[in-house]
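This report concerns only the one structure given below.
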There are 2 protein chains.
Amino acid sequence: MGVKERKLRQKKFLRQEILDAASELFVKEGYENVSMRRIAEKIEYSPTTIYLYFKDKAELLENVCHETFALLSARLKRIMEQPGDPVEHLKRGLLAYIQFGLENPHHYRATFMMPIPEGFDQEEYKKPDSPGMQAFDFLRRCVYDCIAANKFRNANPEIISQTLWSGVHGITSLLINYEQGFPWVDQKQLIPFVVDTLVSGVSREHI
Amino acid sequence: MGVKERKLRQKKFLRQEILDAASELFVKEGYENVSMRRIAEKIEYSPTTIYLYFKDKAELLENVCHETFALLSARLKRIMEQPGDPVEHLKRGLLAYIQFGLENPHHYRATFMMPIPEGFDQEEYKKPDSPGMQAFDFLRRCVYDCIAANKFRNANPEIISQTLWSGVHGITSLLINYEQGFPWVDQKQLIPFVVDTLVSGVSREHI
DNA sequence: GCGAGAACTTAACGGAGTTAAGTTAATGTA
DNA sequence: TACATTAACTTAACTCCGTTAAGTTCTCGC
């Protein structure tokens with residue numbers, strides 16, 4: 001009897017429809033302006049139906065972000081697979097991270113800039129299969145490669161990775177938050193300069 | 001007739017009481033969990049009274065943050081007045097910035113991590129007397145001093161200042177957001193390493 | 001004594017996230 | 001085929017939010 005399977009497929013389909021509707025509203029209007037009621041309206045179900053598929057709004061938007069960040073991991077993976085020396089890999093990865101954040105500002109904000117809801121299990125985030133951790137792992141592997149190639153100054157690889165992440169997060173989040181609210185120099189100059197500064201700062205020699 | 005003066009004093013007093021109550025709730029519970037009603041309850045006035053003193057919630061919390069960030073500016077000013085070479089000044093300033101953010105996480109979040117309400121006049125932020133800009137000016141002056149002392153590599157002072165700011169903002173905001181949600185290395189090592197990386201990255205020679 | 005205005009409150013609006021209870025339709029079982 | 005169970009979904013409601021319009025009270029200047 002394929003009935004059960006069909007039911008399951010239908011359930012998964014609606015779940016995906018919710019995710020898609022939420023994602024679209026999310027991209028267009030940002031976290032603050034996405035309400036459960038509007039998502040429900042979009043898929044033409046009652047608001048309470050969403051709660052049959054997601055525990056609450058936070059869990060729903062968490063899943064929306066997971067979907068998007070899988071794309072970042074894929075992009076980083078592609079960079080790692082291309083030929084090039086480790087430092088070049090690292091630089092391209094850092095640039096891709098920033099670019100990704102600027103292309104998906106609402107997702108980036110929801111994932112890395114919003115307060116973690118209280119009572120939320122923070123241990124969840126540390127799991128290596130969470131999309132944030134997966135992306136961080138690419139960075140970490142890059143750093144290990146650079147250290148193996150004797151390109152970096154003598155320091156804990158973990159501290160270097162975290163420094164680089166905080167560096168790219170800094171410029172990404174500030175540009176997202178103050179796109180117009182601050183007299184930025186040209187992004188096309190600023191972003192590569194930030195990446196160069198970071199990589200140069202952890203390198204054995206100036207580059 | 002000192003009556004008008006007394007009235008004005010009373011009005012200012014209540015305004016300050018609102019600010020203090022808001023600030024206290026803010027520090028204790030964070031932006032999300034401060035409601036106009038709760039602030040009103042704390043000062044034992046009706047919620048609508050607050051609107052006689054502040055246009056809306058955003059303006060109130062903006063003022064709360066201004067107060068706090070005046071403290072940062074004062075701290076940075078003190079650092080600049082102490083003896084020391086410009087690079088040392090800069091490093092101490094960057095460290096003080098991070099420390100200030102970690103000491104006032106809710107204020108820092110509200111000022112630098114929250115989405116700017118739509119319809120908000122973003123030009124307001126660029127004004128040089130806004131507390132954010134004032135603090136940024138200390139950084140900028142440090143950078144100019146370092147360039148004058150021929151310590152930095154040849155680059156636009158503006159781009160260097162913005163790079164350094166985004167660097168300290170990155171580590172500050174990530175540590176605020178994921179205090180427990182990420183396997184950080186020891187902050188006592190990480191934070192100085194970040195500052196060293198940034199300064200070294202923009203320096204003429206490795207340090 | 002009276003009118004004006006300042007200071008503050010009451011009551012309400014519309015919207016948010018969420019939940020409890022109810023409805024409907026399909027399924028498995030006798 | 002008749003009945004009980006369950007899944008899927010909706011209706012109605014609760015509590016809370018920011019904010020506003022209207023009303024009240026009190027004080028001051030004339």
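Ordering of the structure tokens sets the chain letters (A, B, ...); residue numbers start at 1 within each chain; ligands are numbered from 1 in the order shown.
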Skip range 63-74 of chain B itself and residues of its chain fewer than 2 positions away, then list as a list in words all residues within 6 Å of it, counting only C-alpha atoms (C1' of nucleotides).
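Close residues of range 63-74 of chain B: Ser23, Leu60, Leu61, Leu76, Lys77, His107, Pro131 and Ala135 of chain B.
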Using only C-alpha atoms (C1' of nucleotides), which residues of chain A come within 10 Å of chain C, and what is the closest atom pair for each, with the distance in Å to one decimal? Give it as a tab-separated table, sorted by chain and residue number.
residue	atom	partner	partner_atom	distance
A:Ser35	CA	C:DA16	C1'	7.4
A:Met36	CA	C:DG17	C1'	7.7
A:Arg37	CA	C:DA16	C1'	8.9
A:Pro47	CA	C:DT18	C1'	9.9
A:Thr48	CA	C:DT18	C1'	8.4
A:Tyr51	CA	C:DT18	C1'	8.9
A:Asp56	CA	C:DT18	C1'	8.3
A:Lys57	CA	C:DG17	C1'	7.9
Counting only C-alpha atoms, a student should be able to say which residues of chain B come within 7 Å of chain A; what is the right answer, written as number ranges by chain?
B: 113, 115, 122-123, 125-126, 159, 163, 166-167, 169-171, 174, 177, 180-183, 185, 190, 194, 197-198, 200-202, 206
Which residues of chain D are close to chain A, meaning at most 12 Å apart when you count only C-alpha atoms (C1' of nucleotides), and how do they look as a PyMOL selection string?
chain D and resi 7-12
CA of Met80 in chain A and CA of Cys146 in chain A, how far apart in Å?
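Straight-line distance from CA of Cys146 in chain A to CA of Met80 in chain A works out to 12.7 Å.
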What separation in Å, quoted to one decimal, exists between CA of Val87 in chain A and CA of Arg153 in chain B?
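Between CA of Val87 in chain A and CA of Arg153 in chain B the gap works out to 20.6 Å.
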Using only C-alpha atoms (C1' of nucleotides), which protein or nucleic acid residues come within 10 Å of Lys42 in chain B? Drop anything in the same chain fewer than 2 positions from it, and give the result as a PyMOL selection string.
chain B and resi 17-18+21-22+24-25+36-40+44-46
Give me a file of those residues, with C-alpha atoms, as a compact mmCIF listing (two decimals), in the first residue's frame.
# COMPACT_ATOMS: atom_id res chain seq x y z
CA GLU B 17 13.78 58.66 35.14
CA ILE B 18 12.35 57.14 32.00
CA ALA B 21 14.30 52.77 33.97
CA ALA B 22 14.62 51.85 30.32
CA GLU B 24 18.07 49.20 33.67
CA LEU B 25 15.50 46.92 32.06
CA MET B 36 6.97 50.40 26.81
CA ARG B 37 4.44 49.02 29.27
CA ARG B 38 7.13 47.50 31.47
CA ILE B 39 9.16 50.70 31.49
CA ALA B 40 6.02 52.61 32.44
CA GLU B 44 4.77 54.09 37.98
CA TYR B 45 3.34 56.13 35.13
CA SER B 46 0.96 55.15 32.40
Among the residues of chain A, find those DSSP assigns to alpha helix (DSSP H) from the backbone and print them as a PyMOL selection string.
chain A and resi 3-29+36-43+47-50+57-81+86-103+105-112+123-126+131-148+157-177+187-202
